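Everything below concerns the one structure shown next.
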Amino acid sequence: MSLPPLYALRAFEVAARLNSFSKAAEILNITPGAVSRHVRTLETWFDCELFKRQGPRVEVSEAGRVLAGQLNESFRSMEWACGAFKSENHLLRLKAPSTLTMRWLLNVLRSFRENHEKPKIEIASVWMDIDTVDFSREPFDCAILLGNGNFGESTESRLLFSEWLVPVCTPSLLESARQHLPQCDLIHTTPDRRDWKRWLRETGLFPGLEMSGGVVFDTLEQGSLAAMNGHGVAMADLRLTAEALESGLLALPFREAIVTGDGYYIVWPKNSLRKQSIDSLLDWLNRHAPGEPSQNVVCLD
């Protein structure tokens, strides 16, 4: 055996946490003598003193304190994993970027709940400059991420829809943006201004346009809201902005939209125990993917 007995480790961890054999015995529903024997087993195994004994009193040693701290974290992880497996069989924990959540996903998940008793979807809307997920460290069963489809060898993914970028502004700024874009305030939705750089490079419009000014936000959602309030021209996802364009809250100063090569993917770990629930959600998301706006747009890829 490469490990000492699990029940001995558990008895020791509780006794060290409470600094008492008798209290540990009450919690574990065994005798104090049994707790003492378990501790002795570990002291023999590790060849060190885990408790200092002073007559009937015991006090955890420094070595015991270190081991107990590590065991406490391990047992908490085991309890969480077992509890999640047992009680959350029909719970799907989903991570998604904030703009996608506000512009599309919340409505889709509401209709999913209205039409499906299971699984229950628990969504965490998270700001990510670059969309990522680490299923070994984060408490999610799946995620919707913006990327090129390469999310690691330990994952599987399916494309939901591609990203199309296009400038948007309030209708009151439409003519000004069309005729004098270099004089307009540009709204950036990433710190590195990559969306505007992509659009300018792919369209070939406004060579040499100064990019150092303007306002920088964290998300497309913030940029779109700033544009709606007349603070400048923002870069937006054409599909996720379709509703605002149709309602007249935003307008397109230019017809050119670029296909970035990225898209929104649903991602999950390989051999997931939640695969059936993920398939059910994936089918619904595909059936309710955002459509294209009715405006006349030229998509450049």
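Identifiers in the structure tokens: chain A, B, ... in order shown; residue index from 1 per chain; ligand index from 1 in order shown.
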Go through stretch 61-145 of chain A and flag each residue having an atom no more than 12 Å from stretch 159-174 of chain A; for those, report the closest pair of atoms plus their distance in Å to one decimal, using only C-alpha atoms, ordered by chain and rising number, as JSON lines.
```
{"residue": "A:Leu100", "atom": "CA", "partner": "A:Glu163", "partner_atom": "CA", "distance": 11.2}
{"residue": "A:Trp104", "atom": "CA", "partner": "A:Phe161", "partner_atom": "CA", "distance": 11.9}
{"residue": "A:Leu105", "atom": "CA", "partner": "A:Leu160", "partner_atom": "CA", "distance": 11.7}
{"residue": "A:Ala143", "atom": "CA", "partner": "A:Leu160", "partner_atom": "CA", "distance": 11.9}
{"residue": "A:Ile144", "atom": "CA", "partner": "A:Leu160", "partner_atom": "CA", "distance": 8.9}
{"residue": "A:Leu145", "atom": "CA", "partner": "A:Leu159", "partner_atom": "CA", "distance": 9.6}
```
**Report entry** Residues of stretch 143-291 of chain A in strand (DSSP E or B), written as a ChimeraX atom specification
**Finding:** /A:143-147,155-169,186-188,215-216,233-237,251,256-269
Can you spit out the residues from that selection as a compact mmCIF listing (two decimals), in the first residue's frame, using N, CA and C atoms?
```
# COMPACT_ATOMS: atom_id res chain seq x y z
N ALA A 143 -18.55 25.24 -20.49
CA ALA A 143 -18.37 26.69 -20.63
C ALA A 143 -18.70 27.09 -22.06
N ILE A 144 -19.09 28.34 -22.23
CA ILE A 144 -19.21 28.91 -23.57
C ILE A 144 -18.11 29.96 -23.68
N LEU A 145 -17.21 29.77 -24.63
CA LEU A 145 -16.02 30.61 -24.74
C LEU A 145 -15.86 31.13 -26.16
N LEU A 146 -15.31 32.33 -26.26
CA LEU A 146 -14.94 32.89 -27.54
C LEU A 146 -13.51 32.48 -27.86
N GLY A 147 -13.31 31.84 -29.00
CA GLY A 147 -11.97 31.40 -29.36
C GLY A 147 -11.96 30.76 -30.73
N THR A 155 -10.24 18.64 -23.57
CA THR A 155 -11.60 19.14 -23.73
C THR A 155 -12.19 18.75 -25.08
N GLU A 156 -13.50 18.83 -25.17
CA GLU A 156 -14.22 18.75 -26.43
C GLU A 156 -15.02 20.04 -26.60
N SER A 157 -15.34 20.38 -27.84
CA SER A 157 -16.06 21.63 -28.07
C SER A 157 -16.88 21.53 -29.35
N ARG A 158 -17.90 22.39 -29.43
CA ARG A 158 -18.73 22.52 -30.64
C ARG A 158 -18.98 24.00 -30.88
N LEU A 159 -18.87 24.41 -32.14
CA LEU A 159 -19.11 25.81 -32.49
C LEU A 159 -20.60 26.12 -32.43
N LEU A 160 -20.95 27.23 -31.80
CA LEU A 160 -22.34 27.70 -31.76
C LEU A 160 -22.58 28.73 -32.87
N PHE A 161 -21.74 29.75 -32.95
CA PHE A 161 -21.82 30.71 -34.05
C PHE A 161 -20.52 31.51 -34.11
N SER A 162 -20.23 32.03 -35.29
CA SER A 162 -18.98 32.75 -35.52
C SER A 162 -19.10 34.21 -35.09
N GLU A 163 -17.95 34.82 -34.84
CA GLU A 163 -17.90 36.24 -34.45
C GLU A 163 -17.74 37.11 -35.69
N TRP A 164 -18.62 38.09 -35.84
CA TRP A 164 -18.52 39.12 -36.87
C TRP A 164 -18.41 40.47 -36.17
N LEU A 165 -17.39 41.23 -36.49
CA LEU A 165 -17.20 42.53 -35.86
C LEU A 165 -17.56 43.66 -36.82
N VAL A 166 -18.21 44.68 -36.28
CA VAL A 166 -18.63 45.83 -37.10
C VAL A 166 -18.73 47.05 -36.19
N PRO A 167 -18.39 48.26 -36.69
CA PRO A 167 -18.54 49.47 -35.87
C PRO A 167 -20.02 49.82 -35.69
N VAL A 168 -20.35 50.36 -34.52
CA VAL A 168 -21.72 50.80 -34.23
C VAL A 168 -21.67 52.14 -33.51
N CYS A 169 -22.75 52.89 -33.64
CA CYS A 169 -22.87 54.16 -32.93
C CYS A 169 -24.35 54.49 -32.78
N LEU A 186 -13.24 56.93 -30.48
CA LEU A 186 -13.35 55.48 -30.65
C LEU A 186 -13.52 54.83 -29.28
N ILE A 187 -14.43 53.88 -29.21
CA ILE A 187 -14.67 53.14 -27.98
C ILE A 187 -14.05 51.76 -28.14
N HIS A 188 -13.12 51.42 -27.24
CA HIS A 188 -12.41 50.15 -27.31
C HIS A 188 -12.95 49.20 -26.24
N VAL A 215 -11.90 55.78 -25.44
CA VAL A 215 -12.23 55.22 -24.13
C VAL A 215 -12.04 53.71 -24.19
N VAL A 216 -11.46 53.13 -23.14
CA VAL A 216 -11.21 51.69 -23.10
C VAL A 216 -12.11 51.05 -22.04
N VAL A 233 -17.87 55.80 -31.25
CA VAL A 233 -18.11 54.67 -32.14
C VAL A 233 -17.43 53.45 -31.55
N ALA A 234 -18.19 52.38 -31.36
CA ALA A 234 -17.67 51.18 -30.73
C ALA A 234 -17.61 50.03 -31.72
N MET A 235 -16.75 49.07 -31.45
CA MET A 235 -16.74 47.83 -32.20
C MET A 235 -17.67 46.84 -31.48
N ALA A 236 -18.51 46.15 -32.26
CA ALA A 236 -19.50 45.26 -31.65
C ALA A 236 -19.59 43.96 -32.43
N ASP A 237 -20.10 42.94 -31.77
CA ASP A 237 -20.40 41.67 -32.43
C ASP A 237 -21.73 41.83 -33.16
N ALA A 251 -26.81 52.03 -34.71
CA ALA A 251 -26.83 52.05 -36.17
C ALA A 251 -25.44 51.66 -36.69
N GLU A 256 -19.30 47.23 -43.84
CA GLU A 256 -18.30 46.16 -43.78
C GLU A 256 -18.22 45.54 -42.39
N ALA A 257 -18.50 44.26 -42.31
CA ALA A 257 -18.29 43.48 -41.08
C ALA A 257 -17.21 42.44 -41.37
N ILE A 258 -16.38 42.14 -40.39
CA ILE A 258 -15.31 41.17 -40.64
C ILE A 258 -15.58 39.89 -39.84
N VAL A 259 -15.28 38.77 -40.46
CA VAL A 259 -15.31 37.47 -39.79
C VAL A 259 -13.93 37.26 -39.19
N THR A 260 -13.83 37.22 -37.89
CA THR A 260 -12.52 37.22 -37.23
C THR A 260 -11.83 35.87 -37.26
N GLY A 261 -12.58 34.81 -37.50
CA GLY A 261 -12.01 33.46 -37.38
C GLY A 261 -12.27 32.85 -36.03
N ASP A 262 -12.70 33.68 -35.08
CA ASP A 262 -13.10 33.17 -33.77
C ASP A 262 -14.60 32.92 -33.76
N GLY A 263 -15.05 32.26 -32.74
CA GLY A 263 -16.47 32.01 -32.59
C GLY A 263 -16.78 31.62 -31.16
N TYR A 264 -18.05 31.52 -30.87
CA TYR A 264 -18.49 31.10 -29.55
C TYR A 264 -18.71 29.59 -29.56
N TYR A 265 -17.98 28.90 -28.69
CA TYR A 265 -18.01 27.45 -28.60
C TYR A 265 -18.53 27.03 -27.23
N ILE A 266 -19.26 25.92 -27.20
CA ILE A 266 -19.53 25.28 -25.92
C ILE A 266 -18.44 24.24 -25.72
N VAL A 267 -17.84 24.25 -24.54
CA VAL A 267 -16.65 23.45 -24.24
C VAL A 267 -16.92 22.62 -22.99
N TRP A 268 -16.46 21.38 -22.98
CA TRP A 268 -16.62 20.52 -21.80
C TRP A 268 -15.44 19.56 -21.70
N PRO A 269 -15.17 19.00 -20.53
CA PRO A 269 -14.06 18.05 -20.40
C PRO A 269 -14.37 16.72 -21.06
```
Query raised in the report: When you draw a straight line from atom CA of A:Asn19 to atom CA of A:Thr44, how long is it in Å?
Result: 19.7 Å
Just the residues within 10 Å of stretch 117-121 of chain A, please, counting only C-alpha atoms, with nothing from its chain fewer than 5 positions along; format it as a PDB file with N, CA, C and O atoms, in the first residue's frame.
```pdb
ATOM      1  N   GLU A  88     -25.856  16.507  -7.322  1.00  0.00           N
ATOM      2  CA  GLU A  88     -25.959  17.437  -8.433  1.00  0.00           C
ATOM      3  C   GLU A  88     -25.939  16.716  -9.774  1.00  0.00           C
ATOM      4  O   GLU A  88     -25.456  17.226 -10.778  1.00  0.00           O
ATOM      5  N   ASN A  89     -26.481  15.509  -9.767  1.00  0.00           N
ATOM      6  CA  ASN A  89     -26.519  14.713 -10.989  1.00  0.00           C
ATOM      7  C   ASN A  89     -27.202  15.456 -12.128  1.00  0.00           C
ATOM      8  O   ASN A  89     -26.848  15.283 -13.288  1.00  0.00           O
ATOM      9  N   HIS A  90     -28.197  16.262 -11.793  1.00  0.00           N
ATOM     10  CA  HIS A  90     -28.971  16.953 -12.816  1.00  0.00           C
ATOM     11  C   HIS A  90     -28.747  18.460 -12.767  1.00  0.00           C
ATOM     12  O   HIS A  90     -29.587  19.230 -13.211  1.00  0.00           O
ATOM     13  N   LEU A  91     -27.579  18.864 -12.218  1.00  0.00           N
ATOM     14  CA  LEU A  91     -27.188  20.272 -12.206  1.00  0.00           C
ATOM     15  C   LEU A  91     -26.026  20.453 -13.158  1.00  0.00           C
ATOM     16  O   LEU A  91     -25.035  19.721 -13.104  1.00  0.00           O
ATOM     17  N   LEU A  92     -26.137  21.413 -14.044  1.00  0.00           N
ATOM     18  CA  LEU A  92     -25.084  21.709 -15.003  1.00  0.00           C
ATOM     19  C   LEU A  92     -24.549  23.097 -14.702  1.00  0.00           C
ATOM     20  O   LEU A  92     -25.269  24.090 -14.814  1.00  0.00           O
ATOM     21  N   ARG A  93     -23.290  23.157 -14.322  1.00  0.00           N
ATOM     22  CA  ARG A  93     -22.664  24.433 -13.961  1.00  0.00           C
ATOM     23  C   ARG A  93     -21.936  24.983 -15.184  1.00  0.00           C
ATOM     24  O   ARG A  93     -21.005  24.374 -15.689  1.00  0.00           O
ATOM     25  N   LEU A  94     -22.380  26.156 -15.625  1.00  0.00           N
ATOM     26  CA  LEU A  94     -21.945  26.735 -16.896  1.00  0.00           C
ATOM     27  C   LEU A  94     -21.212  28.051 -16.670  1.00  0.00           C
ATOM     28  O   LEU A  94     -21.702  28.929 -15.959  1.00  0.00           O
ATOM     29  N   LEU A 109     -31.527  30.558 -21.931  1.00  0.00           N
ATOM     30  CA  LEU A 109     -31.606  29.668 -20.775  1.00  0.00           C
ATOM     31  C   LEU A 109     -32.984  29.735 -20.117  1.00  0.00           C
ATOM     32  O   LEU A 109     -33.466  28.728 -19.578  1.00  0.00           O
ATOM     33  N   ARG A 110     -33.614  30.894 -20.147  1.00  0.00           N
ATOM     34  CA  ARG A 110     -34.964  30.980 -19.590  1.00  0.00           C
ATOM     35  C   ARG A 110     -35.922  30.093 -20.385  1.00  0.00           C
ATOM     36  O   ARG A 110     -36.722  29.349 -19.801  1.00  0.00           O
ATOM     37  N   PHE A 112     -35.054  27.528 -22.122  1.00  0.00           N
ATOM     38  CA  PHE A 112     -34.645  26.137 -21.871  1.00  0.00           C
ATOM     39  C   PHE A 112     -35.302  25.606 -20.599  1.00  0.00           C
ATOM     40  O   PHE A 112     -35.832  24.494 -20.578  1.00  0.00           O
ATOM     41  N   ARG A 274     -21.424  14.437 -17.257  1.00  0.00           N
ATOM     42  CA  ARG A 274     -22.602  15.265 -17.537  1.00  0.00           C
ATOM     43  C   ARG A 274     -22.897  15.344 -19.047  1.00  0.00           C
ATOM     44  O   ARG A 274     -23.619  16.215 -19.491  1.00  0.00           O
ATOM     45  N   GLN A 276     -24.726  13.769 -21.192  1.00  0.00           N
ATOM     46  CA  GLN A 276     -26.120  13.755 -21.641  1.00  0.00           C
ATOM     47  C   GLN A 276     -26.777  15.110 -21.430  1.00  0.00           C
ATOM     48  O   GLN A 276     -27.510  15.606 -22.295  1.00  0.00           O
ATOM     49  N   SER A 277     -26.514  15.728 -20.273  1.00  0.00           N
ATOM     50  CA  SER A 277     -27.067  17.055 -19.997  1.00  0.00           C
ATOM     51  C   SER A 277     -26.458  18.102 -20.923  1.00  0.00           C
ATOM     52  O   SER A 277     -27.148  19.015 -21.398  1.00  0.00           O
ATOM     53  N   ILE A 278     -25.166  17.983 -21.196  1.00  0.00           N
ATOM     54  CA  ILE A 278     -24.507  18.929 -22.090  1.00  0.00           C
ATOM     55  C   ILE A 278     -25.079  18.821 -23.503  1.00  0.00           C
ATOM     56  O   ILE A 278     -25.316  19.830 -24.179  1.00  0.00           O
ATOM     57  N   SER A 280     -28.080  17.946 -24.296  1.00  0.00           N
ATOM     58  CA  SER A 280     -29.406  18.559 -24.277  1.00  0.00           C
ATOM     59  C   SER A 280     -29.304  20.074 -24.379  1.00  0.00           C
ATOM     60  O   SER A 280     -30.044  20.718 -25.137  1.00  0.00           O
ATOM     61  N   LEU A 281     -28.387  20.656 -23.639  1.00  0.00           N
ATOM     62  CA  LEU A 281     -28.177  22.106 -23.699  1.00  0.00           C
ATOM     63  C   LEU A 281     -27.637  22.520 -25.057  1.00  0.00           C
ATOM     64  O   LEU A 281     -28.092  23.517 -25.639  1.00  0.00           O
TER      65      LEU A 281
END
```
Report task. Please measure the separation of atom CA of A:Asp279 and atom CA of A:Thr99, giving the value in Å to one decimal. Result ->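 Between atom CA of A:Asp279 and atom CA of A:Thr99 the gap is 23.3 Å.
The nearest approach to A:Ser2 among the residues A:Phe46, A:Asn229, A:Gly291, A:Leu209, with only C-alpha atoms taken into account, belongs to A:Phe46.
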Query - Filtered DSSP result for stretch 49-165 of chain A, state helix (DSSP H, G or I), as a VMD selection string - result: chain A and resid 62 to 87 98 to 115
Query - Residues within 10 Å of A:Leu18, only C-alpha atoms, excluding chain neighbours under 6 positions, as a ChimeraX atom specification - result: /A:12,24,59-60
Query raised in the report: Which residues come within 10 Å of A:Gly64, counting only C-alpha atoms, excluding same-chain residues fewer than 2 positions away, as a PyMOL selection string?
Result: chain A and resi 12-13+16+43+48-52+59-62+66-69
Restrict the selected residues to all heavy atoms and save them as a compact mmCIF listing (two decimals), in the first residue's frame.
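Resulting contents of out06.txt:
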```
# COMPACT_ATOMS: atom_id res chain seq x y z
N PHE A 12 -7.34 10.84 12.62
CA PHE A 12 -6.28 11.77 13.03
C PHE A 12 -6.64 13.21 12.68
O PHE A 12 -6.45 14.12 13.49
CB PHE A 12 -4.96 11.39 12.35
CG PHE A 12 -3.96 12.50 12.37
CD1 PHE A 12 -3.33 12.86 13.56
CD2 PHE A 12 -3.68 13.23 11.23
CE1 PHE A 12 -2.42 13.92 13.59
CE2 PHE A 12 -2.78 14.28 11.25
CZ PHE A 12 -2.16 14.62 12.44
N GLU A 13 -7.16 13.44 11.46
CA GLU A 13 -7.49 14.81 11.04
C GLU A 13 -8.51 15.45 11.97
O GLU A 13 -8.37 16.61 12.37
CB GLU A 13 -8.00 14.79 9.60
CG GLU A 13 -8.22 16.16 8.98
CD GLU A 13 -9.56 16.78 9.32
OE1 GLU A 13 -10.54 16.00 9.47
OE2 GLU A 13 -9.64 18.01 9.45
N ALA A 16 -6.87 16.09 15.42
CA ALA A 16 -5.94 17.22 15.37
C ALA A 16 -6.70 18.54 15.28
O ALA A 16 -6.31 19.54 15.91
CB ALA A 16 -5.00 17.05 14.19
N GLU A 43 1.51 7.17 13.44
CA GLU A 43 2.84 7.51 13.97
C GLU A 43 3.85 6.42 13.62
O GLU A 43 5.01 6.71 13.31
CB GLU A 43 2.75 7.71 15.48
CG GLU A 43 2.03 9.00 15.86
CD GLU A 43 1.89 9.19 17.36
OE1 GLU A 43 1.74 8.17 18.08
OE2 GLU A 43 1.92 10.35 17.82
N CYS A 48 7.03 9.23 13.19
CA CYS A 48 7.18 10.51 13.88
C CYS A 48 6.03 10.69 14.87
O CYS A 48 5.00 10.01 14.77
CB CYS A 48 7.22 11.67 12.89
SG CYS A 48 5.65 12.01 12.09
N GLU A 49 6.20 11.60 15.81
CA GLU A 49 5.18 11.86 16.83
C GLU A 49 4.18 12.87 16.28
O GLU A 49 4.54 13.98 15.90
CB GLU A 49 5.85 12.40 18.09
CG GLU A 49 4.88 12.61 19.25
CD GLU A 49 5.57 13.20 20.47
OE1 GLU A 49 6.19 14.28 20.32
OE2 GLU A 49 5.49 12.61 21.54
N LEU A 50 2.90 12.49 16.24
CA LEU A 50 1.85 13.39 15.75
C LEU A 50 1.13 14.10 16.89
O LEU A 50 0.56 15.16 16.69
CB LEU A 50 0.85 12.60 14.91
CG LEU A 50 1.43 11.93 13.65
CD1 LEU A 50 0.37 11.10 12.95
CD2 LEU A 50 2.00 12.97 12.70
N PHE A 51 1.13 13.50 18.08
CA PHE A 51 0.54 14.11 19.28
C PHE A 51 1.52 14.00 20.43
O PHE A 51 2.23 12.99 20.58
CB PHE A 51 -0.77 13.40 19.66
CG PHE A 51 -1.98 13.91 18.94
CD1 PHE A 51 -2.38 13.32 17.76
CD2 PHE A 51 -2.71 14.98 19.44
CE1 PHE A 51 -3.50 13.77 17.09
CE2 PHE A 51 -3.83 15.44 18.77
CZ PHE A 51 -4.22 14.84 17.59
N LYS A 52 1.57 15.04 21.23
CA LYS A 52 2.30 15.00 22.49
C LYS A 52 1.33 14.60 23.58
O LYS A 52 0.27 15.21 23.73
CB LYS A 52 2.92 16.37 22.80
CG LYS A 52 3.96 16.81 21.78
CD LYS A 52 4.51 18.19 22.12
CE LYS A 52 5.54 18.63 21.07
NZ LYS A 52 6.07 19.98 21.37
N GLU A 59 -1.86 16.93 22.86
CA GLU A 59 -1.69 18.18 22.10
C GLU A 59 -1.00 17.84 20.79
O GLU A 59 0.01 17.13 20.78
CB GLU A 59 -0.86 19.17 22.90
CG GLU A 59 -0.68 20.51 22.19
CD GLU A 59 0.16 21.49 23.00
OE1 GLU A 59 0.45 21.19 24.17
OE2 GLU A 59 0.52 22.54 22.44
N VAL A 60 -1.55 18.31 19.70
CA VAL A 60 -0.99 17.99 18.39
C VAL A 60 0.41 18.58 18.28
O VAL A 60 0.69 19.69 18.72
CB VAL A 60 -1.91 18.51 17.27
CG1 VAL A 60 -1.95 20.03 17.24
CG2 VAL A 60 -1.46 17.96 15.92
N SER A 61 1.34 17.80 17.72
CA SER A 61 2.72 18.24 17.53
C SER A 61 2.82 19.13 16.31
O SER A 61 1.87 19.26 15.53
CB SER A 61 3.65 17.03 17.39
OG SER A 61 3.37 16.37 16.17
N GLU A 62 4.00 19.72 16.12
CA GLU A 62 4.19 20.57 14.94
C GLU A 62 4.08 19.75 13.66
O GLU A 62 3.45 20.18 12.69
CB GLU A 62 5.56 21.26 15.00
CG GLU A 62 5.81 22.24 13.88
CD GLU A 62 4.77 23.37 13.85
OE1 GLU A 62 4.28 23.78 14.92
OE2 GLU A 62 4.45 23.83 12.72
N VAL A 66 1.10 20.16 10.60
CA VAL A 66 1.34 20.27 9.16
C VAL A 66 0.54 19.21 8.40
O VAL A 66 -0.15 19.49 7.41
CB VAL A 66 2.84 20.13 8.85
CG1 VAL A 66 3.06 20.05 7.33
CG2 VAL A 66 3.61 21.30 9.43
N LEU A 67 0.62 17.96 8.87
CA LEU A 67 -0.10 16.88 8.20
C LEU A 67 -1.61 17.10 8.26
O LEU A 67 -2.32 16.90 7.27
CB LEU A 67 0.25 15.54 8.84
CG LEU A 67 -0.49 14.31 8.29
CD1 LEU A 67 -0.19 14.12 6.82
CD2 LEU A 67 -0.13 13.06 9.10
N ALA A 68 -2.11 17.55 9.40
CA ALA A 68 -3.54 17.75 9.56
C ALA A 68 -4.06 18.83 8.61
O ALA A 68 -5.15 18.71 8.05
CB ALA A 68 -3.86 18.13 10.99
N GLY A 69 -3.27 19.90 8.42
CA GLY A 69 -3.69 20.96 7.51
C GLY A 69 -3.83 20.46 6.08
O GLY A 69 -4.79 20.80 5.38
```
Requested in this report: For atom CA of A:Glu26 and atom CA of A:Leu42, quote the distance in Å rounded to one decimal.
Outcome: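 The value is 20.2 Å.
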Requested in this report: Could you tell me which of A:Ser77, A:Asn286, A:Thr219, A:Ser22 comes closest to A:Arg103 if we count only C-alpha atoms?
Outcome: A:Thr219
